[in-house]
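Asks: Have a look at the structure that comes next, please.
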There are 2 protein chains.
Amino acid sequence: MPRIRHERFDCSPGCTVEGTLRYIDGKWKGVVLYHLFEGTLRFNEIRRRIPNCTQRMLTNQLRELEADGLIARKIYPEVPPKVEYSLTPRGRSLEPVITALKVWGDANVTLAPEVSQAAA
Amino acid sequence: MPRIRHERFDCSPGCTVEGTLRYIDGKWKGVVLYHLFEGTLRFNEIRRRIPNCTQRMLTNQLRELEADGLIARKIYPEVPPKVEYSLTPRGRSLEPVITALKVWGDANVTLAPEVSQAAA
DNA sequence: GCACATAGTGTCGAAAAGGATACCGCAATG
DNA sequence: CATTGCGGTATCCTTTTCGACACTATGTGC
């Protein structure tokens with residue numbers, strides 16, 4: 001479950017902003033959503049796209065996104081397990097938001113020079 | 001200091017999304033930014049607009065936003081202290097992002113029933 | 001028989017975020 | 001003299017988040 005940022009969302013006129021943030025807040029949710037905009041992916045396909053994320057964390061994030069109705073989880077009862085993740089319409093409706101975040105990020109999140117080389 | 005979501009932002013194609021999130025992540029940053037879009041505000045003016053936020057947390061969030069170059073802090077060396085907060089150009093450039101968050105939130109973050117009647 | 005791939009789960013512990021409360025100096029106000 | 005408003009700090013504590021690591025069952029290939 002994501003951090004519950006405010007138990008009530010009428011605290012202030014801008015609180016739906018925080019409300020949206022509550023859905024995409026979580027260390028890897030933004031990236032997961034981003035990759036799912038490309039299309040349906042299996043668990044390990046996502047995992048390979050986000051190598052820094054541990055299996056347990058990925059499971060957590062996917063479960064939270066599913067609980068929030070943003071992604072759908074389809075299990076194929078085969079014997080090498082197969083699970084596919086895809087966006088729900090609600091999840092897909094986040095696209096402009098993610099896009100806005102990406103646009104700003106591309107312009108402003110300078111993959112910091114000292115970070116990109118040292119990454120200490 | 002905000003949570004450092006990823007020490008590297010080249011981990012995955014969608015990582016600038018997370019990079020942007022890093023700036024606005026923090027329990028009250030979204031609301032603070034939202035209010036500052038209205039114009040310059042003094043410390044206690046912001047505080048009164050976000051009554052659920054404690055003084056310590058507000059100070060923290062403002063300091064982080066300042067450190068990230070999103071807001072400017074102007075101190076008037078008067079004897080009843082006076083400090084004004086305003087957006088920097090960089091902060092103002094976040095407006096489309098905050099707006100996208102708000103638009104989605106207004107449509108999808110259903111203010112809990114008892115809340116939405118109060119908001120009506 | 002052994003390792004590998006699949007999609008997870010369980011437990012532990014460190015670190016960070018966030019909340020509660022008390023305190024600061026100073027001026028004006030009552 | 002006491003209180004209020006200003007813009008914070010300092011301290012303590014709880015909750016949440018996140019990462020490391022080990023473990024599961026099943027089927028296939030070697």
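Chain labels A, B, ... are given in the sequence in which chains occur in the structure tokens; within each chain residues are numbered consecutively from 1, and ligands are likewise numbered from 1 in the order shown.
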If you count only C-alpha atoms (C1' of nucleotides), which residues fall within 9 Å of Tyr85 (chain B), apart from same-chain ones fewer than 6 positions away, as a VMD selection string?

Replies: chain B and resid 36 39 to 43 46 62 71 to 75

Asks: Got a sec to align chain A on chain B by every in-order Cα pair and hand back the fitted coordinates as a CSV table (one decimal) with N, CA and C atoms, in the first residue's frame?

Replies:
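Printed below is selection.csv as written:
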chain,number,residue,atom,x,y,z
A,1,MET,N,14.8,16.3,3.2
A,1,MET,CA,15.2,15.7,1.9
A,1,MET,C,14.1,14.7,1.5
A,2,PRO,N,13.8,14.8,0.2
A,2,PRO,CA,12.7,13.9,-0.3
A,2,PRO,C,13.3,12.5,-0.3
A,3,ARG,N,12.4,11.6,-0.4
A,3,ARG,CA,12.7,10.2,-0.6
A,3,ARG,C,13.5,10.1,-1.8
A,4,ILE,N,14.6,9.4,-1.8
A,4,ILE,CA,15.4,9.2,-3.0
A,4,ILE,C,14.8,7.9,-3.6
A,5,ARG,N,14.2,8.1,-4.7
A,5,ARG,CA,13.4,7.0,-5.2
A,5,ARG,C,14.3,6.0,-5.9
A,6,HIS,N,15.3,6.5,-6.7
A,6,HIS,CA,16.2,5.6,-7.3
A,6,HIS,C,17.5,6.3,-7.2
A,7,GLU,N,18.6,5.6,-6.9
A,7,GLU,CA,19.8,6.3,-6.8
A,7,GLU,C,20.4,6.6,-8.2
A,8,ARG,N,20.0,5.8,-9.1
A,8,ARG,CA,20.4,6.1,-10.5
A,8,ARG,C,19.1,6.2,-11.3
A,9,PHE,N,19.2,7.1,-12.3
A,9,PHE,CA,18.0,7.3,-13.1
A,9,PHE,C,18.1,6.7,-14.5
A,10,ASP,N,19.0,5.8,-14.7
A,10,ASP,CA,19.1,5.1,-15.9
A,10,ASP,C,18.6,3.7,-15.8
A,11,CYS,N,17.9,3.5,-14.7
A,11,CYS,CA,17.4,2.1,-14.4
A,11,CYS,C,16.5,1.6,-15.5
A,12,SER,N,15.8,2.5,-16.1
A,12,SER,CA,14.8,2.2,-17.0
A,12,SER,C,14.4,3.4,-17.9
A,13,PRO,N,13.9,3.2,-19.1
A,13,PRO,CA,13.7,4.4,-19.9
A,13,PRO,C,12.8,5.4,-19.3
A,14,GLY,N,11.9,5.0,-18.5
A,14,GLY,CA,10.9,5.9,-17.9
A,14,GLY,C,11.4,6.6,-16.7
A,15,CYS,N,12.6,6.5,-16.4
A,15,CYS,CA,13.1,6.9,-15.1
A,15,CYS,C,13.1,8.4,-14.8
A,16,THR,N,13.1,9.2,-15.9
A,16,THR,CA,13.0,10.6,-15.7
A,16,THR,C,11.7,11.0,-15.1
A,17,VAL,N,10.7,10.1,-15.4
A,17,VAL,CA,9.4,10.3,-14.8
A,17,VAL,C,9.5,10.3,-13.3
A,18,GLU,N,10.2,9.3,-12.8
A,18,GLU,CA,10.4,9.2,-11.4
A,18,GLU,C,11.3,10.3,-10.9
A,19,GLY,N,12.2,10.7,-11.7
A,19,GLY,CA,13.1,11.8,-11.3
A,19,GLY,C,12.3,13.1,-11.0
A,20,THR,N,11.3,13.4,-11.9
A,20,THR,CA,10.5,14.5,-11.7
A,20,THR,C,9.6,14.4,-10.4
A,21,LEU,N,9.1,13.2,-10.3
A,21,LEU,CA,8.3,12.9,-9.1
A,21,LEU,C,9.1,13.1,-7.8
A,22,ARG,N,10.4,12.8,-7.9
A,22,ARG,CA,11.2,13.0,-6.7
A,22,ARG,C,11.1,14.5,-6.2
A,23,TYR,N,11.0,15.4,-7.1
A,23,TYR,CA,11.0,16.8,-6.8
A,23,TYR,C,9.7,17.2,-6.1
A,24,ILE,N,8.6,16.7,-6.6
A,24,ILE,CA,7.3,17.2,-6.2
A,24,ILE,C,6.7,16.2,-5.2
A,25,ASP,N,7.4,15.2,-4.9
A,25,ASP,CA,6.9,14.2,-3.9
A,25,ASP,C,7.2,14.7,-2.5
A,26,GLY,N,6.3,14.6,-1.7
A,26,GLY,CA,6.3,15.2,-0.3
A,26,GLY,C,4.9,15.6,0.0
A,27,LYS,N,4.5,15.4,1.1
A,27,LYS,CA,3.1,15.5,1.4
A,27,LYS,C,2.4,16.8,1.0
A,28,TRP,N,3.2,17.9,1.1
A,28,TRP,CA,2.5,19.1,0.8
A,28,TRP,C,3.1,19.9,-0.3
A,29,LYS,N,4.1,19.4,-1.0
A,29,LYS,CA,4.8,20.1,-2.0
A,29,LYS,C,3.9,20.6,-3.1
A,30,GLY,N,3.1,19.7,-3.6
A,30,GLY,CA,2.2,20.0,-4.7
A,30,GLY,C,1.3,21.2,-4.3
A,31,VAL,N,0.7,21.2,-3.2
A,31,VAL,CA,-0.1,22.3,-2.8
A,31,VAL,C,0.7,23.6,-2.6
A,32,VAL,N,1.9,23.5,-2.0
A,32,VAL,CA,2.7,24.7,-1.8
A,32,VAL,C,3.0,25.3,-3.2
A,33,LEU,N,3.5,24.5,-4.1
A,33,LEU,CA,3.8,25.0,-5.4
A,33,LEU,C,2.6,25.6,-6.1
A,34,TYR,N,1.5,24.9,-5.9
A,34,TYR,CA,0.3,25.4,-6.5
A,34,TYR,C,0.0,26.8,-6.0
A,35,HIS,N,0.1,27.0,-4.7
A,35,HIS,CA,-0.2,28.4,-4.2
A,35,HIS,C,0.8,29.4,-4.6
A,36,LEU,N,2.1,28.9,-4.8
A,36,LEU,CA,3.1,29.9,-5.1
A,36,LEU,C,3.0,30.3,-6.6
A,37,PHE,N,2.3,29.5,-7.4
A,37,PHE,CA,2.0,30.0,-8.8
A,37,PHE,C,1.2,31.2,-8.8
A,38,GLU,N,0.5,31.5,-7.7
A,38,GLU,CA,-0.3,32.7,-7.7
A,38,GLU,C,0.6,33.9,-7.5
A,39,GLY,N,1.7,33.7,-6.8
A,39,GLY,CA,2.6,34.8,-6.6
A,39,GLY,C,3.4,34.6,-5.3
A,40,THR,N,4.2,35.6,-5.0
A,40,THR,CA,5.0,35.5,-3.7
A,40,THR,C,4.1,35.5,-2.5
A,41,LEU,N,4.5,34.7,-1.5
A,41,LEU,CA,3.8,34.6,-0.3
A,41,LEU,C,4.7,34.5,0.9
A,42,ARG,N,4.2,35.0,2.0
A,42,ARG,CA,5.0,34.9,3.2
A,42,ARG,C,4.7,33.6,3.9
A,43,PHE,N,5.5,33.2,4.8
A,43,PHE,CA,5.4,31.9,5.5
A,43,PHE,C,4.0,31.7,6.0
A,44,ASN,N,3.5,32.6,6.8
A,44,ASN,CA,2.2,32.4,7.4
A,44,ASN,C,1.0,32.5,6.4
A,45,GLU,N,1.3,33.2,5.3
A,45,GLU,CA,0.2,33.2,4.3
A,45,GLU,C,0.0,31.8,3.7
A,46,ILE,N,1.2,31.2,3.5
A,46,ILE,CA,1.1,29.8,3.0
A,46,ILE,C,0.4,28.9,4.0
A,47,ARG,N,0.8,29.1,5.2
A,47,ARG,CA,0.3,28.3,6.3
A,47,ARG,C,-1.2,28.4,6.4
A,48,ARG,N,-1.7,29.6,6.3
A,48,ARG,CA,-3.1,29.8,6.4
A,48,ARG,C,-3.9,29.2,5.2
A,49,ARG,N,-3.2,29.1,4.1
A,49,ARG,CA,-3.8,28.4,2.9
A,49,ARG,C,-3.8,26.9,3.1
A,50,ILE,N,-3.0,26.4,3.9
A,50,ILE,CA,-2.9,24.9,4.1
A,50,ILE,C,-3.0,24.6,5.5
A,51,PRO,N,-4.2,24.8,6.1
A,51,PRO,CA,-4.3,24.7,7.5
A,51,PRO,C,-4.0,23.3,8.1
A,52,ASN,N,-4.1,22.3,7.3
A,52,ASN,CA,-3.8,20.9,7.8
A,52,ASN,C,-2.3,20.6,8.0
A,53,CYS,N,-1.5,21.5,7.4
A,53,CYS,CA,-0.1,21.2,7.5
A,53,CYS,C,0.5,21.9,8.7
A,54,THR,N,1.2,21.1,9.5
A,54,THR,CA,1.8,21.7,10.7
A,54,THR,C,3.0,22.7,10.3
A,55,GLN,N,3.3,23.5,11.2
A,55,GLN,CA,4.4,24.5,11.0
A,55,GLN,C,5.7,23.8,10.6
A,56,ARG,N,5.9,22.7,11.4
A,56,ARG,CA,7.2,22.0,11.2
A,56,ARG,C,7.2,21.4,9.8
A,57,MET,N,6.1,20.8,9.4
A,57,MET,CA,6.1,20.2,8.1
A,57,MET,C,6.2,21.2,7.0
A,58,LEU,N,5.5,22.3,7.2
A,58,LEU,CA,5.6,23.4,6.1
A,58,LEU,C,7.1,23.8,6.0
A,59,THR,N,7.7,24.1,7.1
A,59,THR,CA,9.1,24.4,7.1
A,59,THR,C,9.9,23.4,6.3
A,60,ASN,N,9.7,22.2,6.6
A,60,ASN,CA,10.4,21.1,5.9
A,60,ASN,C,10.2,21.1,4.4
A,61,GLN,N,9.0,21.2,4.0
A,61,GLN,CA,8.7,21.1,2.6
A,61,GLN,C,9.3,22.3,1.9
A,62,LEU,N,9.2,23.5,2.5
A,62,LEU,CA,9.8,24.7,1.9
A,62,LEU,C,11.3,24.6,1.8
A,63,ARG,N,11.9,24.0,2.8
A,63,ARG,CA,13.4,23.9,2.8
A,63,ARG,C,13.8,22.9,1.7
A,64,GLU,N,13.0,21.8,1.5
A,64,GLU,CA,13.3,20.9,0.5
A,64,GLU,C,13.1,21.5,-0.9
A,65,LEU,N,12.1,22.2,-1.1
A,65,LEU,CA,11.8,22.9,-2.4
A,65,LEU,C,12.9,23.9,-2.6
A,66,GLU,N,13.4,24.6,-1.6
A,66,GLU,CA,14.4,25.5,-1.8
A,66,GLU,C,15.7,24.8,-2.2
A,67,ALA,N,16.0,23.8,-1.4
A,67,ALA,CA,17.2,23.0,-1.7
A,67,ALA,C,17.2,22.4,-3.2
A,68,ASP,N,16.1,22.2,-3.7
A,68,ASP,CA,16.0,21.7,-5.0
A,68,ASP,C,15.9,22.8,-6.1
A,69,GLY,N,16.0,24.0,-5.6
A,69,GLY,CA,16.1,25.1,-6.5
A,69,GLY,C,14.8,25.5,-7.2
A,70,LEU,N,13.7,25.1,-6.5
A,70,LEU,CA,12.4,25.3,-7.1
A,70,LEU,C,11.8,26.6,-6.5
A,71,ILE,N,12.1,27.0,-5.3
A,71,ILE,CA,11.6,28.2,-4.8
A,71,ILE,C,12.7,29.0,-4.2
A,72,ALA,N,12.5,30.3,-4.0
A,72,ALA,CA,13.5,31.2,-3.4
A,72,ALA,C,12.9,31.7,-2.1
A,73,ARG,N,13.8,31.9,-1.2
A,73,ARG,CA,13.5,32.4,0.1
A,73,ARG,C,14.2,33.7,0.4
A,74,LYS,N,13.4,34.7,0.6
A,74,LYS,CA,14.0,36.0,0.8
A,74,LYS,C,13.6,36.5,2.3
A,75,ILE,N,14.7,36.7,3.0
A,75,ILE,CA,14.5,37.1,4.4
A,75,ILE,C,14.7,38.6,4.5
A,76,TYR,N,13.7,39.3,5.1
A,76,TYR,CA,13.8,40.7,5.4
A,76,TYR,C,14.3,40.8,6.9
A,77,PRO,N,15.4,41.3,7.1
A,77,PRO,CA,15.9,41.4,8.5
A,77,PRO,C,15.2,42.4,9.3
A,78,GLU,N,13.9,42.3,9.4
A,78,GLU,CA,13.1,43.2,10.2
A,78,GLU,C,12.9,42.5,11.5
A,79,VAL,N,12.3,43.3,12.4
A,79,VAL,CA,12.2,42.7,13.7
A,79,VAL,C,10.9,41.9,14.0
A,80,PRO,N,9.8,42.2,13.4
A,80,PRO,CA,8.9,41.1,13.3
A,80,PRO,C,9.3,40.4,12.0
A,81,PRO,N,9.8,39.2,12.2
A,81,PRO,CA,10.4,38.5,11.0
A,81,PRO,C,9.5,38.5,9.8
A,82,LYS,N,10.2,38.6,8.7
A,82,LYS,CA,9.4,38.6,7.4
A,82,LYS,C,10.2,37.8,6.4
A,83,VAL,N,9.6,36.7,5.9
A,83,VAL,CA,10.2,35.9,4.9
A,83,VAL,C,9.2,35.7,3.8
A,84,GLU,N,9.8,35.9,2.6
A,84,GLU,CA,8.9,35.7,1.4
A,84,GLU,C,9.4,34.5,0.6
A,85,TYR,N,8.4,33.8,0.1
A,85,TYR,CA,8.7,32.7,-0.8
A,85,TYR,C,8.2,32.9,-2.2
A,86,SER,N,9.0,32.6,-3.1
A,86,SER,CA,8.5,32.8,-4.5
A,86,SER,C,9.2,31.7,-5.3
A,87,LEU,N,8.6,31.5,-6.5
A,87,LEU,CA,9.1,30.4,-7.4
A,87,LEU,C,10.4,30.9,-8.1
A,88,THR,N,11.3,30.1,-8.3
A,88,THR,CA,12.4,30.4,-9.2
A,88,THR,C,12.0,30.0,-10.6
A,89,PRO,N,12.8,30.4,-11.6
A,89,PRO,CA,12.4,30.1,-13.0
A,89,PRO,C,12.3,28.5,-13.1
A,90,ARG,N,13.2,27.8,-12.5
A,90,ARG,CA,13.1,26.4,-12.5
A,90,ARG,C,11.8,25.9,-11.9
A,91,GLY,N,11.4,26.5,-10.8
A,91,GLY,CA,10.1,26.1,-10.2
A,91,GLY,C,9.0,26.5,-11.1
A,92,ARG,N,9.0,27.6,-11.7
A,92,ARG,CA,8.0,28.1,-12.6
A,92,ARG,C,7.8,27.1,-13.8
A,93,SER,N,9.0,26.5,-14.2
A,93,SER,CA,8.9,25.6,-15.3
A,93,SER,C,8.1,24.4,-15.0
A,94,LEU,N,7.8,24.2,-13.8
A,94,LEU,CA,7.0,23.0,-13.4
A,94,LEU,C,5.5,23.2,-13.7
A,95,GLU,N,5.2,24.4,-14.0
A,95,GLU,CA,3.8,24.8,-14.2
A,95,GLU,C,3.0,23.8,-15.0
A,96,PRO,N,3.5,23.5,-16.2
A,96,PRO,CA,2.8,22.5,-17.1
A,96,PRO,C,2.6,21.2,-16.4
A,97,VAL,N,3.6,20.8,-15.6
A,97,VAL,CA,3.4,19.5,-14.9
A,97,VAL,C,2.3,19.6,-13.8
A,98,ILE,N,2.4,20.6,-13.0
A,98,ILE,CA,1.4,20.8,-12.0
A,98,ILE,C,0.0,20.9,-12.6
A,99,THR,N,0.0,21.7,-13.7
A,99,THR,CA,-1.3,21.8,-14.4
A,99,THR,C,-1.8,20.5,-14.9
A,100,ALA,N,-1.0,19.7,-15.5
A,100,ALA,CA,-1.4,18.3,-15.9
A,100,ALA,C,-1.9,17.5,-14.8
A,101,LEU,N,-1.2,17.6,-13.7
A,101,LEU,CA,-1.7,16.9,-12.5
A,101,LEU,C,-3.0,17.4,-12.0
A,102,LYS,N,-3.2,18.7,-12.1
A,102,LYS,CA,-4.5,19.2,-11.6
A,102,LYS,C,-5.6,18.9,-12.6
A,103,VAL,N,-5.3,19.0,-13.9
A,103,VAL,CA,-6.4,18.6,-14.9
A,103,VAL,C,-6.9,17.2,-14.7
A,104,TRP,N,-5.9,16.3,-14.5
A,104,TRP,CA,-6.3,14.9,-14.4
A,104,TRP,C,-7.0,14.7,-13.0
A,105,GLY,N,-6.5,15.4,-12.0
A,105,GLY,CA,-7.1,15.3,-10.7
A,105,GLY,C,-8.5,15.8,-10.7
A,106,ASP,N,-8.7,17.0,-11.3
A,106,ASP,CA,-10.1,17.6,-11.3
A,106,ASP,C,-11.0,16.6,-12.0
A,107,ALA,N,-10.6,15.9,-13.0
A,107,ALA,CA,-11.4,15.0,-13.7
A,107,ALA,C,-11.6,13.6,-13.1
A,108,ASN,N,-10.5,13.2,-12.4
A,108,ASN,CA,-10.5,11.8,-11.9
A,108,ASN,C,-10.5,11.7,-10.4
A,109,VAL,N,-10.0,12.6,-9.7
A,109,VAL,CA,-10.0,12.5,-8.2
A,109,VAL,C,-11.3,13.0,-7.7
A,110,THR,N,-12.3,12.1,-7.8
A,110,THR,CA,-13.6,12.5,-7.3
A,110,THR,C,-13.4,12.7,-5.8
A,111,LEU,N,-13.6,13.9,-5.4
A,111,LEU,CA,-13.6,14.1,-4.0
A,111,LEU,C,-14.7,13.2,-3.5
A,112,ALA,N,-14.2,12.0,-3.1
A,112,ALA,CA,-15.1,10.9,-2.9
A,112,ALA,C,-16.3,11.3,-2.0
A,113,PRO,N,-17.4,10.8,-2.4
A,113,PRO,CA,-18.6,11.2,-1.7
A,113,PRO,C,-18.6,10.9,-0.2
A,114,GLU,N,-18.2,9.7,0.1
A,114,GLU,CA,-18.1,9.3,1.5
A,114,GLU,C,-17.0,10.1,2.2
A,115,VAL,N,-16.0,10.5,1.4
A,115,VAL,CA,-14.9,11.2,2.0
A,115,VAL,C,-15.4,12.7,2.3
A,116,SER,N,-16.0,13.3,1.3
A,116,SER,CA,-16.3,14.7,1.5
A,116,SER,C,-17.4,14.9,2.5
A,117,GLN,N,-18.2,13.9,2.8
A,117,GLN,CA,-19.2,14.1,3.9
A,117,GLN,C,-18.6,13.5,5.2
A,118,ALA,N,-18.1,12.3,5.2
A,118,ALA,CA,-17.7,11.7,6.5
A,118,ALA,C,-16.3,12.1,6.9
A,119,ALA,N,-15.4,12.0,5.9
A,119,ALA,CA,-14.0,12.4,6.2
A,119,ALA,C,-13.5,11.7,7.5
A,120,ALA,N,-13.9,10.4,7.6
A,120,ALA,CA,-13.6,9.7,8.9
A,120,ALA,C,-12.1,9.4,9.1

Asks: For chain C, which residues have at least one atom within 12 Å of chain A, if we go by only C-alpha atoms (C1' of nucleotides)? Write them as a list in words, please.

Replies: DC4, DA5, DT6, DA7, DG8, DT9, DG10, DA17 and DG18 of chain C

Asks: Pull out every residue of chain D that has at least one atom within 10 Å of chain A, counting only C-alpha atoms (C1' of nucleotides), and report them as a PyMOL selection string.

Replies: chain D and resi 16-20+25-28

Asks: Keeping N, CA, C and O atoms (P, O5', C5', C4', C3', O3' and C1' of nucleotides), export the residues of the selection given above as an mmCIF file, in the first residue's frame.

Replies:
data_model
loop_
_atom_site.group_PDB
_atom_site.id
_atom_site.type_symbol
_atom_site.label_atom_id
_atom_site.label_comp_id
_atom_site.auth_asym_id
_atom_site.auth_seq_id
_atom_site.Cartn_x
_atom_site.Cartn_y
_atom_site.Cartn_z
ATOM 1 P P DT D 16 2.041 3.176 9.022
ATOM 2 O "O5'" DT D 16 3.179 3.324 7.897
ATOM 3 C "C5'" DT D 16 3.597 4.628 7.526
ATOM 4 C "C4'" DT D 16 4.753 4.542 6.550
ATOM 5 C "C3'" DT D 16 4.596 3.462 5.491
ATOM 6 O "O3'" DT D 16 4.633 4.131 4.248
ATOM 7 C "C1'" DT D 16 6.775 3.409 6.465
ATOM 8 P P DT D 17 4.603 3.382 2.836
ATOM 9 O "O5'" DT D 17 6.159 3.205 2.495
ATOM 10 C "C5'" DT D 17 7.028 4.324 2.638
ATOM 11 C "C4'" DT D 17 8.451 3.909 2.312
ATOM 12 C "C3'" DT D 17 8.576 2.986 1.107
ATOM 13 O "O3'" DT D 17 9.464 3.614 0.212
ATOM 14 C "C1'" DT D 17 9.823 2.158 2.952
ATOM 15 P P DC D 18 9.673 3.070 -1.278
ATOM 16 O "O5'" DC D 18 10.959 2.158 -1.113
ATOM 17 C "C5'" DC D 18 12.141 2.745 -0.548
ATOM 18 C "C4'" DC D 18 13.115 1.665 -0.160
ATOM 19 C "C3'" DC D 18 13.346 0.615 -1.246
ATOM 20 O "O3'" DC D 18 14.669 0.746 -1.685
ATOM 21 C "C1'" DC D 18 13.173 -0.345 0.928
ATOM 22 P P DG D 19 15.175 -0.018 -3.003
ATOM 23 O "O5'" DG D 19 16.296 -1.011 -2.464
ATOM 24 C "C5'" DG D 19 17.224 -0.566 -1.493
ATOM 25 C "C4'" DG D 19 17.830 -1.748 -0.770
ATOM 26 C "C3'" DG D 19 18.162 -2.935 -1.692
ATOM 27 O "O3'" DG D 19 19.505 -3.319 -1.463
ATOM 28 C "C1'" DG D 19 16.885 -3.664 0.182
ATOM 29 P P DA D 20 20.151 -4.442 -2.408
ATOM 30 O "O5'" DA D 20 20.420 -5.628 -1.361
ATOM 31 C "C5'" DA D 20 20.614 -5.331 0.011
ATOM 32 C "C4'" DA D 20 20.847 -6.613 0.793
ATOM 33 C "C3'" DA D 20 21.281 -7.820 -0.052
ATOM 34 O "O3'" DA D 20 22.244 -8.571 0.662
ATOM 35 C "C1'" DA D 20 19.200 -8.271 1.012
ATOM 36 P P DA D 25 7.956 -26.887 -2.133
ATOM 37 O "O5'" DA D 25 7.207 -26.608 -3.523
ATOM 38 C "C5'" DA D 25 5.884 -26.066 -3.541
ATOM 39 C "C4'" DA D 25 5.382 -26.046 -4.967
ATOM 40 C "C3'" DA D 25 5.643 -27.370 -5.691
ATOM 41 O "O3'" DA D 25 4.485 -27.797 -6.386
ATOM 42 C "C1'" DA D 25 6.759 -25.576 -6.829
ATOM 43 P P DT D 26 4.476 -29.291 -7.007
ATOM 44 O "O5'" DT D 26 4.812 -28.992 -8.541
ATOM 45 C "C5'" DT D 26 4.034 -28.050 -9.266
ATOM 46 C "C4'" DT D 26 4.731 -27.725 -10.573
ATOM 47 C "C3'" DT D 26 5.207 -28.965 -11.333
ATOM 48 O "O3'" DT D 26 4.461 -29.086 -12.518
ATOM 49 C "C1'" DT D 26 6.845 -27.229 -11.314
ATOM 50 P P DG D 27 4.495 -30.433 -13.363
ATOM 51 O "O5'" DG D 27 5.464 -30.054 -14.573
ATOM 52 C "C5'" DG D 27 5.079 -28.998 -15.453
ATOM 53 C "C4'" DG D 27 6.263 -28.615 -16.314
ATOM 54 C "C3'" DG D 27 6.878 -29.803 -17.049
ATOM 55 O "O3'" DG D 27 6.863 -29.547 -18.455
ATOM 56 C "C1'" DG D 27 8.555 -28.531 -15.908
ATOM 57 P P DT D 28 7.401 -30.648 -19.483
ATOM 58 O "O5'" DT D 28 8.819 -29.999 -19.807
ATOM 59 C "C5'" DT D 28 8.883 -28.627 -20.236
ATOM 60 C "C4'" DT D 28 10.339 -28.226 -20.442
ATOM 61 C "C3'" DT D 28 11.128 -29.217 -21.297
ATOM 62 O "O3'" DT D 28 11.775 -28.528 -22.357
ATOM 63 C "C1'" DT D 28 12.273 -28.748 -19.259
#

Asks: What's the 10 Å shell around DC24 (chain C), counting only C-alpha atoms (C1' of nucleotides), without same-chain residues fewer than 2 positions away, as a list of chain:residue names?

Replies: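 Selected residues are C:DC26, D:DG8, D:DT9.
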
Asks: With N, CA and C atoms (P, O5', C5', C4', C3', O3' and C1' of nucleotides) retained, write the just-selected residues as a PDB file, in the first residue's frame.

Replies:
ATOM      1  P    DC C  26      16.903  39.254  21.442  1.00  0.00           P
ATOM      2  O5'  DC C  26      15.615  39.993  20.863  1.00  0.00           O
ATOM      3  C5'  DC C  26      15.459  40.099  19.447  1.00  0.00           C
ATOM      4  C4'  DC C  26      14.042  40.532  19.123  1.00  0.00           C
ATOM      5  C3'  DC C  26      13.541  41.694  19.978  1.00  0.00           C
ATOM      6  O3'  DC C  26      13.413  42.834  19.151  1.00  0.00           O
ATOM      7  C1'  DC C  26      11.878  40.005  19.676  1.00  0.00           C
TER       8       DC C  26
ATOM      9  P    DG D   8      11.385  30.923   7.971  1.00  0.00           P
ATOM     10  O5'  DG D   8      10.755  29.576   8.610  1.00  0.00           O
ATOM     11  C5'  DG D   8      11.593  28.563   9.159  1.00  0.00           C
ATOM     12  C4'  DG D   8      12.171  28.992  10.506  1.00  0.00           C
ATOM     13  C3'  DG D   8      12.975  27.915  11.195  1.00  0.00           C
ATOM     14  O3'  DG D   8      14.326  27.977  10.784  1.00  0.00           O
ATOM     15  C1'  DG D   8      11.558  29.120  12.730  1.00  0.00           C
ATOM     16  P    DT D   9      15.186  26.689  10.631  1.00  0.00           P
ATOM     17  O5'  DT D   9      15.937  26.535  12.033  1.00  0.00           O
ATOM     18  C5'  DT D   9      15.166  26.469  13.189  1.00  0.00           C
ATOM     19  C4'  DT D   9      16.045  26.211  14.396  1.00  0.00           C
ATOM     20  C3'  DT D   9      16.732  24.853  14.402  1.00  0.00           C
ATOM     21  O3'  DT D   9      17.834  24.887  15.301  1.00  0.00           O
ATOM     22  C1'  DT D   9      14.831  24.824  15.827  1.00  0.00           C
TER      23       DT D   9
END

Asks: Quick one: pick out all alpha helix (DSSP H) residues within region 3-106 of chain B from a backbone DSSP run and write them as number ranges by chain.

Replies: B: 15-24, 29-36, 43-49, 55-67, 89-92, 95-106
